[in-house]
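K.L.:
Below is a structure I'd like to ask you about.
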Number of protein chains: 2
Amino acid sequence: MRVERATLRDVARLAGVSVATASKALNGQPQVRASTRARVEQAASQLNFSPNTLARGLITQRTGTVGLLTSDLEGRFSIPILMGAEDAFGTDRTSVFLCDARGDTIRERHHLSALLSRRVDGLIVVGARPDSRPSLGRDLPVPVIYAYAPSDDPRDLSLVSDNEGGGRLAVDHLIRCGRRRIAHITGDASYGAAQDRARGAQQRLAEEGLEPAGGEVWFGMWSESWGRGATRMLLERCPDVDAVFAGSDEIARGVLDVLHEQRRDVPGDVALVGYDNWNILVANARPPLTTVDMNLEQLGRVAAQRLFAAIGGTLGSGIEKFPGKLITRESTAPLR
Amino acid sequence: MRVERATLRDVARLAGVSVATASKALNGQPQVRASTRARVEQAASQLNFSPNTLARGLITQRTGTVGLLTSDLEGRFSIPILMGAEDAFGTDRTSVFLCDARGDTIRERHHLSALLSRRVDGLIVVGARPDSRPSLGRDLPVPVIYAYAPSDDPRDLSLVSDNEGGGRLAVDHLIRCGRRRIAHITGDASYGAAQDRARGAQQRLAEEGLEPAGGEVWFGMWSESWGRGATRMLLERCPDVDAVFAGSDEIARGVLDVLHEQRRDVPGDVALVGYDNWNILVANARPPLTTVDMNLEQLGRVAAQRLFAAIGGTLGSGIEKFPGKLITRESTAPLR
DNA sequence: TTGTAAGCGTTATCAA
DNA sequence: TTGATAACGCTTACAA
């Protein structure tokens, strides 16, 4: 049973008023008598009226619609950002178009023009990795905010996670737990995020007059199996290590695996901190992992707010960094 | 630099033709002289013209837009379905609105009306768990397809994964590997999916005259830690078990963990099959896990096709089941 | 082959 | 407080 759609005219007719009045009544304009408004509202609900936002958008030049253009296949970063944005927009005011370019520039251009022709009010671009990505250009008719991965054009506005601060946060926590021989095992050295987290970690270590356990930061890959491999090497070179800061939760899971294998107690012998707060990995670990949360939902929320403020006006520029937060679970504890 | 938007009128003026001719030229209508078309196209690209789909939609009654209403917080199931749907729709013909109701009925109604007032051409509803969910009702102005979680109204069309077949697939593979003492550790017994997978598994076992190792199916929770607990009990009650079929990859990771702990070789002593093909869990396991893939992308693709066929026409009804496929990795191998 | 004009469902500006 | 009426940007008969 497909149902007919009522238009404002139908509502007006049923309520015995003009279309103009019906419009005003439904949109809460003040110059409408209360009884008239009631009649119109009654008619609207009776007809199950749902205003056509296309027609409205044609006039108001606003669609109440935002495009979220992502390249993050698994939705791991985009989903929390999407949530935050939806949150900030409020449930029924603005809807979000999610398009996944799957890391393909051509597909990205396609999606971009599809979104523009649908007259989105603004765009949020979420990159695949936290390094800078090509700007969509400056000649777009709507404001654009880059989230997670900054634009390579400093005139654009980018919202990113503070990786240096995150690294510092992790190490600071380990130091407060009384650890002194702290290793850092992390991902691909070509990622800015890996470098930044390592820098933050090392700075905090240096403040205590410490060096990373094993003498260096262990760069490698963003995988569980690298976490395993690195940990085996680490335990050999530096058997008295008492804490590991892993550059991602995946890596942390690998670290944990080998620590178990070698009968090291976590956190008794070795404390462990991950990065990402990826629930599936972190909550199910044994013990559950302390980790750094990048606060992506807040990032999405702010992106939405900035975008709304910018619609019709202008946007700021530059890179805005968002602090992460440490989520403590059982994999870290004070040294007894 | 915010750029002005060109309208069809601007294009027509620049090309020295009427709006109607410009429209025909750009839309590939045949009754336009080639040279005229060229001139119009040239003007359009010069002005960076992007047609306003709102205006077009107002006339054609089609927006080229589909709503994907999900309740699956993490996007674990919706993302592949979204991908499949985007795929089938083709890059620039149709865009997808993704809305997450977060399991909240009120939010779902909100999103629904937002989507309807945006005049989506159709809806795909993805449930949070593979049990039946309340129908959105029959009195909607657009076709609706339920994916993953079927509607509780048999007059709706639902596309779901064949869990019974999946269970059979897993056990069949283990049997072909020469295993005879096969246990099934799975999630919450209140989930239809758990029951269905168990039924498929037991049927296949029965065909070989076998019973599940340990005498029963181990229902519990969809978590890694239940996988661990159940495996400990299993190994005690039935130490000669030579295969485990886990009801999810999460559970499988728990099983694997305890098998390692108790120095059982996988797949040498015990073969292991998971369910979901959740890459992060499965690819990083040691060894990588054989698992059942629910084929959600295909489900999304078909949902999109059905939806398109239904727009303007009518939809079928009932529940359509999609077979999964077995992805073999190193956690299973023939008994030597 | 091109142009004129009507109309899609709203909102906004007036005048009544 | 209400109602004609003109937009919004496009497609589509129909006329030229």
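So you can find residues: chains in the structure tokens are A, B, ... in the order shown, residues in each start at 1, and ligands are numbered from 1 in order.
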Looking only at the backbone, which of the residues in range 48-217 of chain A does DSSP tag as alpha helix (DSSP H), as a ChimeraX atom specification?

P.N.:
/A:53-60,78-89,105-117,163-176,192-207

K.L.:
Extract, using only C-alpha atoms (C1' of nucleotides), all DNA, RNA and protein residues at most 12 Å from DT11 in chain C, discarding same-chain residues fewer than 6 positions from it, and format them as a VMD selection string.

P.N.:
(chain A and resid 8 19 to 24 26 to 27 29 51 to 61) or (chain D and resid 5 to 8)

K.L.:
Using N, CA and C atoms (P, O5', C5', C4', C3', O3' and C1' of nucleotides), can you export the residues from the last selection as a PDB file, in the first residue's frame?

P.N.:
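File produced: part-v3.pdb:
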```pdb
ATOM      1  N   LEU A   8       0.958  21.121   0.718  1.00  0.00           N
ATOM      2  CA  LEU A   8       0.465  22.211   1.539  1.00  0.00           C
ATOM      3  C   LEU A   8      -0.907  22.672   1.047  1.00  0.00           C
ATOM      4  N   VAL A  19      -2.862  28.841   1.083  1.00  0.00           N
ATOM      5  CA  VAL A  19      -1.561  28.170   1.225  1.00  0.00           C
ATOM      6  C   VAL A  19      -0.622  29.007   2.066  1.00  0.00           C
ATOM      7  N   ALA A  20      -0.650  30.300   1.833  1.00  0.00           N
ATOM      8  CA  ALA A  20       0.257  31.193   2.551  1.00  0.00           C
ATOM      9  C   ALA A  20       0.019  31.086   4.055  1.00  0.00           C
ATOM     10  N   THR A  21      -1.240  31.146   4.430  1.00  0.00           N
ATOM     11  CA  THR A  21      -1.566  31.063   5.850  1.00  0.00           C
ATOM     12  C   THR A  21      -1.151  29.717   6.421  1.00  0.00           C
ATOM     13  N   ALA A  22      -1.432  28.681   5.667  1.00  0.00           N
ATOM     14  CA  ALA A  22      -1.065  27.350   6.136  1.00  0.00           C
ATOM     15  C   ALA A  22       0.440  27.289   6.384  1.00  0.00           C
ATOM     16  N   SER A  23       1.194  27.824   5.450  1.00  0.00           N
ATOM     17  CA  SER A  23       2.645  27.836   5.594  1.00  0.00           C
ATOM     18  C   SER A  23       3.054  28.548   6.865  1.00  0.00           C
ATOM     19  N   LYS A  24       2.503  29.735   7.051  1.00  0.00           N
ATOM     20  CA  LYS A  24       2.853  30.501   8.245  1.00  0.00           C
ATOM     21  C   LYS A  24       2.472  29.744   9.517  1.00  0.00           C
ATOM     22  N   LEU A  26       2.153  26.561  10.045  1.00  0.00           N
ATOM     23  CA  LEU A  26       3.002  25.404  10.294  1.00  0.00           C
ATOM     24  C   LEU A  26       4.428  25.789  10.661  1.00  0.00           C
ATOM     25  N   ASN A  27       4.862  26.968  10.224  1.00  0.00           N
ATOM     26  CA  ASN A  27       6.228  27.359  10.517  1.00  0.00           C
ATOM     27  C   ASN A  27       6.355  28.240  11.749  1.00  0.00           C
ATOM     28  N   GLN A  29       5.061  31.088  12.531  1.00  0.00           N
ATOM     29  CA  GLN A  29       5.107  32.548  12.386  1.00  0.00           C
ATOM     30  C   GLN A  29       4.092  33.160  13.346  1.00  0.00           C
ATOM     31  N   PRO A  51       6.345  18.285   4.904  1.00  0.00           N
ATOM     32  CA  PRO A  51       6.719  19.359   3.965  1.00  0.00           C
ATOM     33  C   PRO A  51       7.795  18.894   2.992  1.00  0.00           C
ATOM     34  N   ASN A  52       7.731  19.346   1.799  1.00  0.00           N
ATOM     35  CA  ASN A  52       8.711  18.993   0.789  1.00  0.00           C
ATOM     36  C   ASN A  52       9.915  19.918   0.916  1.00  0.00           C
ATOM     37  N   THR A  53      10.996  19.348   1.442  1.00  0.00           N
ATOM     38  CA  THR A  53      12.159  20.202   1.674  1.00  0.00           C
ATOM     39  C   THR A  53      12.837  20.630   0.380  1.00  0.00           C
ATOM     40  N   LEU A  54      12.522  19.947  -0.708  1.00  0.00           N
ATOM     41  CA  LEU A  54      13.101  20.376  -1.977  1.00  0.00           C
ATOM     42  C   LEU A  54      12.562  21.756  -2.323  1.00  0.00           C
ATOM     43  N   ALA A  55      11.261  21.862  -2.251  1.00  0.00           N
ATOM     44  CA  ALA A  55      10.630  23.133  -2.587  1.00  0.00           C
ATOM     45  C   ALA A  55      11.104  24.228  -1.632  1.00  0.00           C
ATOM     46  N   ARG A  56      11.155  23.862  -0.375  1.00  0.00           N
ATOM     47  CA  ARG A  56      11.604  24.851   0.600  1.00  0.00           C
ATOM     48  C   ARG A  56      13.037  25.291   0.324  1.00  0.00           C
ATOM     49  N   GLY A  57      13.878  24.288   0.051  1.00  0.00           N
ATOM     50  CA  GLY A  57      15.287  24.582  -0.184  1.00  0.00           C
ATOM     51  C   GLY A  57      15.490  25.450  -1.407  1.00  0.00           C
ATOM     52  N   LEU A  58      14.601  25.274  -2.371  1.00  0.00           N
ATOM     53  CA  LEU A  58      14.718  26.051  -3.588  1.00  0.00           C
ATOM     54  C   LEU A  58      14.608  27.543  -3.269  1.00  0.00           C
ATOM     55  N   ILE A  59      13.753  27.850  -2.336  1.00  0.00           N
ATOM     56  CA  ILE A  59      13.545  29.243  -1.968  1.00  0.00           C
ATOM     57  C   ILE A  59      14.555  29.742  -0.954  1.00  0.00           C
ATOM     58  N   THR A  60      14.710  28.981   0.103  1.00  0.00           N
ATOM     59  CA  THR A  60      15.547  29.466   1.200  1.00  0.00           C
ATOM     60  C   THR A  60      17.036  29.335   0.902  1.00  0.00           C
ATOM     61  N   GLN A  61      17.368  28.596  -0.108  1.00  0.00           N
ATOM     62  CA  GLN A  61      18.777  28.354  -0.442  1.00  0.00           C
ATOM     63  C   GLN A  61      19.499  27.588   0.655  1.00  0.00           C
TER      64      GLN A  61
ATOM     65  P    DT D   5      -4.018  37.155  -7.901  1.00  0.00           P
ATOM     66  O5'  DT D   5      -2.430  37.169  -7.686  1.00  0.00           O
ATOM     67  C5'  DT D   5      -1.836  38.347  -7.132  1.00  0.00           C
ATOM     68  C4'  DT D   5      -0.328  38.193  -7.151  1.00  0.00           C
ATOM     69  C3'  DT D   5       0.195  37.328  -8.301  1.00  0.00           C
ATOM     70  O3'  DT D   5       1.385  37.926  -8.774  1.00  0.00           O
ATOM     71  C1'  DT D   5       1.010  36.515  -6.287  1.00  0.00           C
ATOM     72  P    DA D   6       1.955  37.533 -10.172  1.00  0.00           P
ATOM     73  O5'  DA D   6       3.519  37.748  -9.937  1.00  0.00           O
ATOM     74  C5'  DA D   6       3.961  38.819  -9.090  1.00  0.00           C
ATOM     75  C4'  DA D   6       5.210  38.383  -8.359  1.00  0.00           C
ATOM     76  C3'  DA D   6       6.273  37.710  -9.242  1.00  0.00           C
ATOM     77  O3'  DA D   6       7.546  38.172  -8.830  1.00  0.00           O
ATOM     78  C1'  DA D   6       5.715  36.276  -7.480  1.00  0.00           C
ATOM     79  P    DA D   7       8.809  37.994  -9.742  1.00  0.00           P
ATOM     80  O5'  DA D   7       8.818  36.412  -9.997  1.00  0.00           O
ATOM     81  C5'  DA D   7      10.055  35.732  -9.999  1.00  0.00           C
ATOM     82  C4'  DA D   7      10.525  35.494  -8.582  1.00  0.00           C
ATOM     83  C3'  DA D   7      11.531  34.360  -8.526  1.00  0.00           C
ATOM     84  O3'  DA D   7      12.725  34.819  -7.959  1.00  0.00           O
ATOM     85  C1'  DA D   7       9.668  33.911  -7.067  1.00  0.00           C
ATOM     86  P    DC D   8      14.096  34.441  -8.623  1.00  0.00           P
ATOM     87  O5'  DC D   8      14.565  33.079  -7.962  1.00  0.00           O
ATOM     88  C5'  DC D   8      14.615  32.854  -6.566  1.00  0.00           C
ATOM     89  C4'  DC D   8      14.647  31.375  -6.323  1.00  0.00           C
ATOM     90  C3'  DC D   8      15.215  30.562  -7.470  1.00  0.00           C
ATOM     91  O3'  DC D   8      16.585  30.307  -7.208  1.00  0.00           O
ATOM     92  C1'  DC D   8      13.221  29.550  -6.521  1.00  0.00           C
TER      93       DC D   8
END
```

K.L.:
Can you write out as a Markdown table which residues of chain D fall within 7 Å of chain B, alongside each residue's closest atom pair and its distance in Å to one decimal, counting only C-alpha atoms (C1' of nucleotides) and ordering rows by chain and ascending residue number?

P.N.:
```
| residue | atom | partner | partner_atom | distance |
| --- | --- | --- | --- | --- |
| D:DG9 | C1' | B:Ala55 | CA | 5.3 |
| D:DC10 | C1' | B:Ala55 | CA | 4.9 |
| D:DT11 | C1' | B:Ile59 | CA | 6.5 |
```

K.L.:
Record the distance separating CA of Ala193 in chain B and CA of Asn279 in chain B, expressed in Å with one decimal.

P.N.:
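We find that CA of Ala193 in chain B and CA of Asn279 in chain B lie 20.1 Å from each other.
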
K.L.:
Please find the residues of chain A near chain B - the criterion being any atom within 7 Å, counting only C-alpha atoms - and write them as a ChimeraX atom specification.

P.N.:
/A:1-5,50-55,58,75,79,91-92,96-98,110-111,114,117-119,138-142,224-225,284

K.L.:
Please identify every residue of chain C that has at least one atom no farther than 12 Å from an atom of chain A, counting only C-alpha atoms (C1' of nucleotides), and for each give the shortest atom pair and the distance in Å to one decimal, arranged by chain then increasing number, as a Markdown table.

P.N.:
```
| residue | atom | partner | partner_atom | distance |
| --- | --- | --- | --- | --- |
| C:DC8 | C1' | A:Ala55 | CA | 8.2 |
| C:DG9 | C1' | A:Ala55 | CA | 5.2 |
| C:DT10 | C1' | A:Ala55 | CA | 4.6 |
| C:DT11 | C1' | A:Ile59 | CA | 6.3 |
| C:DA12 | C1' | A:Ile59 | CA | 9.0 |
| C:DT13 | C1' | A:Ala20 | CA | 11.2 |
```

K.L.:
For all heavy atoms, I'd like the residues from the last selection saved as a compact mmCIF listing (two decimals), in the first residue's frame.

P.N.:
```
# COMPACT_ATOMS: atom_id res chain seq x y z
P DC C 8 1.63 21.73 -10.62
OP1 DC C 8 0.52 20.84 -10.97
OP2 DC C 8 1.40 22.97 -9.88
O5' DC C 8 2.69 20.89 -9.80
C5' DC C 8 3.45 19.83 -10.37
C4' DC C 8 4.80 19.81 -9.71
O4' DC C 8 5.65 20.77 -10.36
C3' DC C 8 4.75 20.25 -8.25
O3' DC C 8 4.62 19.09 -7.43
C2' DC C 8 6.11 20.92 -8.03
C1' DC C 8 6.62 21.21 -9.44
N1 DC C 8 6.87 22.65 -9.76
C2 DC C 8 8.12 23.05 -10.24
O2 DC C 8 9.00 22.20 -10.38
N3 DC C 8 8.33 24.35 -10.53
C4 DC C 8 7.34 25.25 -10.37
N4 DC C 8 7.59 26.53 -10.68
C5 DC C 8 6.05 24.86 -9.89
C6 DC C 8 5.87 23.57 -9.59
P DG C 9 3.43 19.04 -6.36
OP1 DG C 9 3.32 17.63 -5.92
OP2 DG C 9 2.26 19.78 -6.84
O5' DG C 9 4.05 19.88 -5.14
C5' DG C 9 5.18 19.36 -4.47
C4' DG C 9 5.69 20.41 -3.53
O4' DG C 9 6.09 21.57 -4.28
C3' DG C 9 4.66 20.91 -2.51
O3' DG C 9 5.29 20.95 -1.25
C2' DG C 9 4.29 22.29 -3.03
C1' DG C 9 5.59 22.73 -3.67
N9 DG C 9 5.45 23.71 -4.74
C8 DG C 9 4.40 23.87 -5.61
N7 DG C 9 4.58 24.83 -6.47
C5 DG C 9 5.82 25.36 -6.15
C6 DG C 9 6.54 26.43 -6.73
O6 DG C 9 6.21 27.14 -7.69
N1 DG C 9 7.77 26.63 -6.11
C2 DG C 9 8.23 25.90 -5.04
N2 DG C 9 9.43 26.22 -4.57
N3 DG C 9 7.57 24.89 -4.48
C4 DG C 9 6.38 24.68 -5.08
P DT C 10 4.52 21.26 0.08
OP1 DT C 10 4.42 20.04 0.85
OP2 DT C 10 3.30 22.03 -0.24
O5' DT C 10 5.59 22.17 0.80
C5' DT C 10 5.37 23.55 0.83
C4' DT C 10 6.68 24.24 0.59
O4' DT C 10 6.73 24.54 -0.81
C3' DT C 10 6.73 25.56 1.31
O3' DT C 10 7.58 25.41 2.44
C2' DT C 10 7.31 26.54 0.32
C1' DT C 10 7.20 25.84 -1.02
N1 DT C 10 6.26 26.50 -1.98
C2 DT C 10 6.70 27.60 -2.66
O2 DT C 10 7.80 28.09 -2.50
N3 DT C 10 5.79 28.13 -3.54
C4 DT C 10 4.51 27.67 -3.79
O4 DT C 10 3.79 28.22 -4.61
C5 DT C 10 4.11 26.52 -3.03
C7 DT C 10 2.76 25.94 -3.23
C6 DT C 10 4.99 25.99 -2.17
P DT C 11 7.37 26.45 3.63
OP1 DT C 11 8.23 25.97 4.72
OP2 DT C 11 5.93 26.67 3.82
O5' DT C 11 7.98 27.80 3.04
C5' DT C 11 9.38 27.88 2.80
C4' DT C 11 9.70 29.24 2.23
O4' DT C 11 8.91 29.49 1.04
C3' DT C 11 9.43 30.42 3.17
O3' DT C 11 10.54 31.30 3.04
C2' DT C 11 8.14 31.01 2.64
C1' DT C 11 8.27 30.75 1.14
N1 DT C 11 7.02 30.63 0.35
C2 DT C 11 6.87 31.40 -0.77
O2 DT C 11 7.71 32.20 -1.15
N3 DT C 11 5.70 31.20 -1.46
C4 DT C 11 4.68 30.32 -1.13
O4 DT C 11 3.69 30.23 -1.83
C5 DT C 11 4.90 29.54 0.06
C7 DT C 11 3.87 28.56 0.50
C6 DT C 11 6.04 29.73 0.75
P DA C 12 10.68 32.61 3.95
OP1 DA C 12 12.12 32.79 4.22
OP2 DA C 12 9.72 32.52 5.06
O5' DA C 12 10.23 33.77 2.96
C5' DA C 12 10.89 33.94 1.71
C4' DA C 12 10.39 35.23 1.08
O4' DA C 12 9.10 34.97 0.46
C3' DA C 12 10.15 36.37 2.07
O3' DA C 12 10.43 37.59 1.41
C2' DA C 12 8.68 36.22 2.42
C1' DA C 12 8.11 35.76 1.08
N9 DA C 12 6.93 34.92 1.21
C8 DA C 12 6.63 34.03 2.20
N7 DA C 12 5.49 33.40 2.03
C5 DA C 12 5.01 33.91 0.84
C6 DA C 12 3.86 33.66 0.09
N6 DA C 12 2.93 32.77 0.47
N1 DA C 12 3.68 34.34 -1.06
C2 DA C 12 4.62 35.22 -1.44
N3 DA C 12 5.75 35.54 -0.83
C4 DA C 12 5.88 34.85 0.32
P DT C 13 10.47 38.94 2.33
OP1 DT C 13 11.91 39.21 2.51
OP2 DT C 13 9.56 38.83 3.50
O5' DT C 13 9.85 40.02 1.34
C5' DT C 13 9.78 39.75 -0.07
C4' DT C 13 8.56 40.43 -0.66
O4' DT C 13 7.42 39.52 -0.63
C3' DT C 13 8.10 41.68 0.12
O3' DT C 13 7.76 42.68 -0.82
C2' DT C 13 6.88 41.20 0.89
C1' DT C 13 6.29 40.21 -0.12
N1 DT C 13 5.38 39.19 0.45
C2 DT C 13 4.23 38.87 -0.25
O2 DT C 13 3.93 39.37 -1.31
N3 DT C 13 3.44 37.91 0.36
C4 DT C 13 3.68 37.28 1.57
O4 DT C 13 2.91 36.45 2.00
C5 DT C 13 4.89 37.68 2.25
C7 DT C 13 5.23 37.05 3.55
C6 DT C 13 5.67 38.60 1.67
```

K.L.:
Please return as number ranges by chain: the residues of range 200-336 of chain B that backbone DSSP assigns to strand (DSSP E or B).

P.N.:
B: 218, 243-246, 271-275, 290-293, 318-322, 325-327

K.L.:
How would the residues just chosen look if you wrote them out with N, CA, C and O atoms as a PDB file, in the first residue's frame?

P.N.:
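Result went into again.pdb, see below:
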```pdb
ATOM      1  N   TRP B 218      27.419 -24.777  23.080  1.00  0.00           N
ATOM      2  CA  TRP B 218      27.756 -23.886  24.197  1.00  0.00           C
ATOM      3  C   TRP B 218      27.254 -22.473  23.912  1.00  0.00           C
ATOM      4  O   TRP B 218      27.948 -21.671  23.297  1.00  0.00           O
ATOM      5  N   ALA B 243      38.159 -29.829  16.863  1.00  0.00           N
ATOM      6  CA  ALA B 243      37.741 -28.650  16.103  1.00  0.00           C
ATOM      7  C   ALA B 243      36.731 -27.832  16.899  1.00  0.00           C
ATOM      8  O   ALA B 243      35.940 -28.376  17.657  1.00  0.00           O
ATOM      9  N   VAL B 244      36.776 -26.509  16.719  1.00  0.00           N
ATOM     10  CA  VAL B 244      35.762 -25.648  17.318  1.00  0.00           C
ATOM     11  C   VAL B 244      35.181 -24.746  16.238  1.00  0.00           C
ATOM     12  O   VAL B 244      35.921 -24.141  15.455  1.00  0.00           O
ATOM     13  N   PHE B 245      33.854 -24.693  16.201  1.00  0.00           N
ATOM     14  CA  PHE B 245      33.167 -23.723  15.361  1.00  0.00           C
ATOM     15  C   PHE B 245      32.634 -22.650  16.303  1.00  0.00           C
ATOM     16  O   PHE B 245      31.790 -22.921  17.143  1.00  0.00           O
ATOM     17  N   ALA B 246      33.169 -21.424  16.156  1.00  0.00           N
ATOM     18  CA  ALA B 246      32.748 -20.335  17.035  1.00  0.00           C
ATOM     19  C   ALA B 246      31.663 -19.515  16.343  1.00  0.00           C
ATOM     20  O   ALA B 246      31.719 -19.289  15.134  1.00  0.00           O
ATOM     21  N   ALA B 271      41.243 -27.448  15.001  1.00  0.00           N
ATOM     22  CA  ALA B 271      40.929 -26.494  13.936  1.00  0.00           C
ATOM     23  C   ALA B 271      39.879 -25.519  14.456  1.00  0.00           C
ATOM     24  O   ALA B 271      39.092 -25.862  15.333  1.00  0.00           O
ATOM     25  N   LEU B 272      39.873 -24.299  13.897  1.00  0.00           N
ATOM     26  CA  LEU B 272      38.976 -23.267  14.431  1.00  0.00           C
ATOM     27  C   LEU B 272      38.329 -22.468  13.300  1.00  0.00           C
ATOM     28  O   LEU B 272      39.014 -21.992  12.392  1.00  0.00           O
ATOM     29  N   VAL B 273      37.021 -22.330  13.374  1.00  0.00           N
ATOM     30  CA  VAL B 273      36.290 -21.520  12.393  1.00  0.00           C
ATOM     31  C   VAL B 273      35.514 -20.436  13.127  1.00  0.00           C
ATOM     32  O   VAL B 273      34.860 -20.711  14.134  1.00  0.00           O
ATOM     33  N   GLY B 274      35.592 -19.209  12.638  1.00  0.00           N
ATOM     34  CA  GLY B 274      34.833 -18.104  13.224  1.00  0.00           C
ATOM     35  C   GLY B 274      33.613 -17.764  12.385  1.00  0.00           C
ATOM     36  O   GLY B 274      33.197 -18.529  11.512  1.00  0.00           O
ATOM     37  N   TYR B 275      33.053 -16.594  12.642  1.00  0.00           N
ATOM     38  CA  TYR B 275      31.865 -16.165  11.894  1.00  0.00           C
ATOM     39  C   TYR B 275      31.860 -14.639  11.831  1.00  0.00           C
ATOM     40  O   TYR B 275      32.052 -13.985  12.865  1.00  0.00           O
ATOM     41  N   THR B 290      39.999 -18.921   9.684  1.00  0.00           N
ATOM     42  CA  THR B 290      38.960 -19.313   8.741  1.00  0.00           C
ATOM     43  C   THR B 290      37.628 -18.845   9.321  1.00  0.00           C
ATOM     44  O   THR B 290      37.411 -18.951  10.524  1.00  0.00           O
ATOM     45  N   THR B 291      36.759 -18.329   8.491  1.00  0.00           N
ATOM     46  CA  THR B 291      35.521 -17.769   9.021  1.00  0.00           C
ATOM     47  C   THR B 291      34.429 -17.761   7.970  1.00  0.00           C
ATOM     48  O   THR B 291      34.696 -17.954   6.784  1.00  0.00           O
ATOM     49  N   VAL B 292      33.204 -17.537   8.426  1.00  0.00           N
ATOM     50  CA  VAL B 292      32.080 -17.438   7.496  1.00  0.00           C
ATOM     51  C   VAL B 292      31.777 -15.969   7.232  1.00  0.00           C
ATOM     52  O   VAL B 292      31.601 -15.193   8.164  1.00  0.00           O
ATOM     53  N   ASP B 293      31.744 -15.587   5.966  1.00  0.00           N
ATOM     54  CA  ASP B 293      31.444 -14.210   5.580  1.00  0.00           C
ATOM     55  C   ASP B 293      29.971 -14.144   5.186  1.00  0.00           C
ATOM     56  O   ASP B 293      29.502 -14.929   4.369  1.00  0.00           O
ATOM     57  N   GLY B 318       8.052 -10.825   1.983  1.00  0.00           N
ATOM     58  CA  GLY B 318       8.633 -12.045   2.528  1.00  0.00           C
ATOM     59  C   GLY B 318      10.099 -11.872   2.871  1.00  0.00           C
ATOM     60  O   GLY B 318      10.644 -10.787   2.782  1.00  0.00           O
ATOM     61  N   ILE B 319      10.696 -12.971   3.259  1.00  0.00           N
ATOM     62  CA  ILE B 319      12.095 -12.934   3.686  1.00  0.00           C
ATOM     63  C   ILE B 319      12.965 -13.677   2.677  1.00  0.00           C
ATOM     64  O   ILE B 319      12.707 -14.831   2.356  1.00  0.00           O
ATOM     65  N   GLU B 320      13.960 -12.968   2.178  1.00  0.00           N
ATOM     66  CA  GLU B 320      14.846 -13.567   1.199  1.00  0.00           C
ATOM     67  C   GLU B 320      16.175 -13.839   1.891  1.00  0.00           C
ATOM     68  O   GLU B 320      16.766 -12.931   2.474  1.00  0.00           O
ATOM     69  N   LYS B 321      16.662 -15.076   1.804  1.00  0.00           N
ATOM     70  CA  LYS B 321      17.903 -15.415   2.507  1.00  0.00           C
ATOM     71  C   LYS B 321      19.093 -15.437   1.577  1.00  0.00           C
ATOM     72  O   LYS B 321      19.022 -15.975   0.488  1.00  0.00           O
ATOM     73  N   PHE B 322      20.197 -14.865   2.056  1.00  0.00           N
ATOM     74  CA  PHE B 322      21.420 -14.836   1.256  1.00  0.00           C
ATOM     75  C   PHE B 322      22.467 -15.762   1.841  1.00  0.00           C
ATOM     76  O   PHE B 322      22.798 -15.641   3.007  1.00  0.00           O
ATOM     77  N   LYS B 325      29.570 -17.210   2.652  1.00  0.00           N
ATOM     78  CA  LYS B 325      30.637 -17.983   2.012  1.00  0.00           C
ATOM     79  C   LYS B 325      31.758 -18.219   3.016  1.00  0.00           C
ATOM     80  O   LYS B 325      32.002 -17.394   3.894  1.00  0.00           O
ATOM     81  N   LEU B 326      32.403 -19.353   2.853  1.00  0.00           N
ATOM     82  CA  LEU B 326      33.481 -19.689   3.774  1.00  0.00           C
ATOM     83  C   LEU B 326      34.780 -19.081   3.280  1.00  0.00           C
ATOM     84  O   LEU B 326      35.155 -19.233   2.121  1.00  0.00           O
ATOM     85  N   ILE B 327      35.464 -18.362   4.175  1.00  0.00           N
ATOM     86  CA  ILE B 327      36.771 -17.819   3.837  1.00  0.00           C
ATOM     87  C   ILE B 327      37.804 -18.662   4.576  1.00  0.00           C
ATOM     88  O   ILE B 327      37.867 -18.611   5.806  1.00  0.00           O
TER      89      ILE B 327
END
```

K.L.:
Neighbouring residues of Gln305 in chain B were defined as those with any atom within 10 Å, considering only C-alpha atoms (C1' of nucleotides); residues of the same chain fewer than 5 positions away were excluded. Please report them as a PyMOL selection string.

P.N.:
chain B and resi 85+88-89+299-300+310

K.L.:
What's the 8 Å shell around Val241 in chain A, counting only C-alpha atoms (C1' of nucleotides), without same-chain residues fewer than 6 positions away, as a short mmCIF file (atom, residue, chain, number, x, y, z; two decimals) with N, CA and C atoms, in the first residue's frame?

P.N.:
```cif
data_model
loop_
_atom_site.label_atom_id
_atom_site.label_comp_id
_atom_site.auth_asym_id
_atom_site.auth_seq_id
_atom_site.Cartn_x
_atom_site.Cartn_y
_atom_site.Cartn_z
N ARG A 181 61.15 2.12 32.89
CA ARG A 181 61.71 1.52 31.67
C ARG A 181 60.57 1.30 30.68
N ILE A 182 60.28 2.40 29.98
CA ILE A 182 59.08 2.45 29.14
C ILE A 182 59.45 2.36 27.67
N ALA A 183 58.91 1.37 27.00
CA ALA A 183 59.17 1.22 25.55
C ALA A 183 58.02 1.79 24.75
N ALA A 213 62.78 2.62 26.57
CA ALA A 213 63.41 1.33 26.83
C ALA A 213 63.78 0.69 25.50
N LEU A 235 61.87 -7.74 24.48
CA LEU A 235 62.10 -8.52 25.70
C LEU A 235 63.51 -9.11 25.71
N VAL A 270 54.57 -5.74 33.59
CA VAL A 270 54.61 -4.76 32.51
C VAL A 270 53.25 -4.08 32.36
#
```
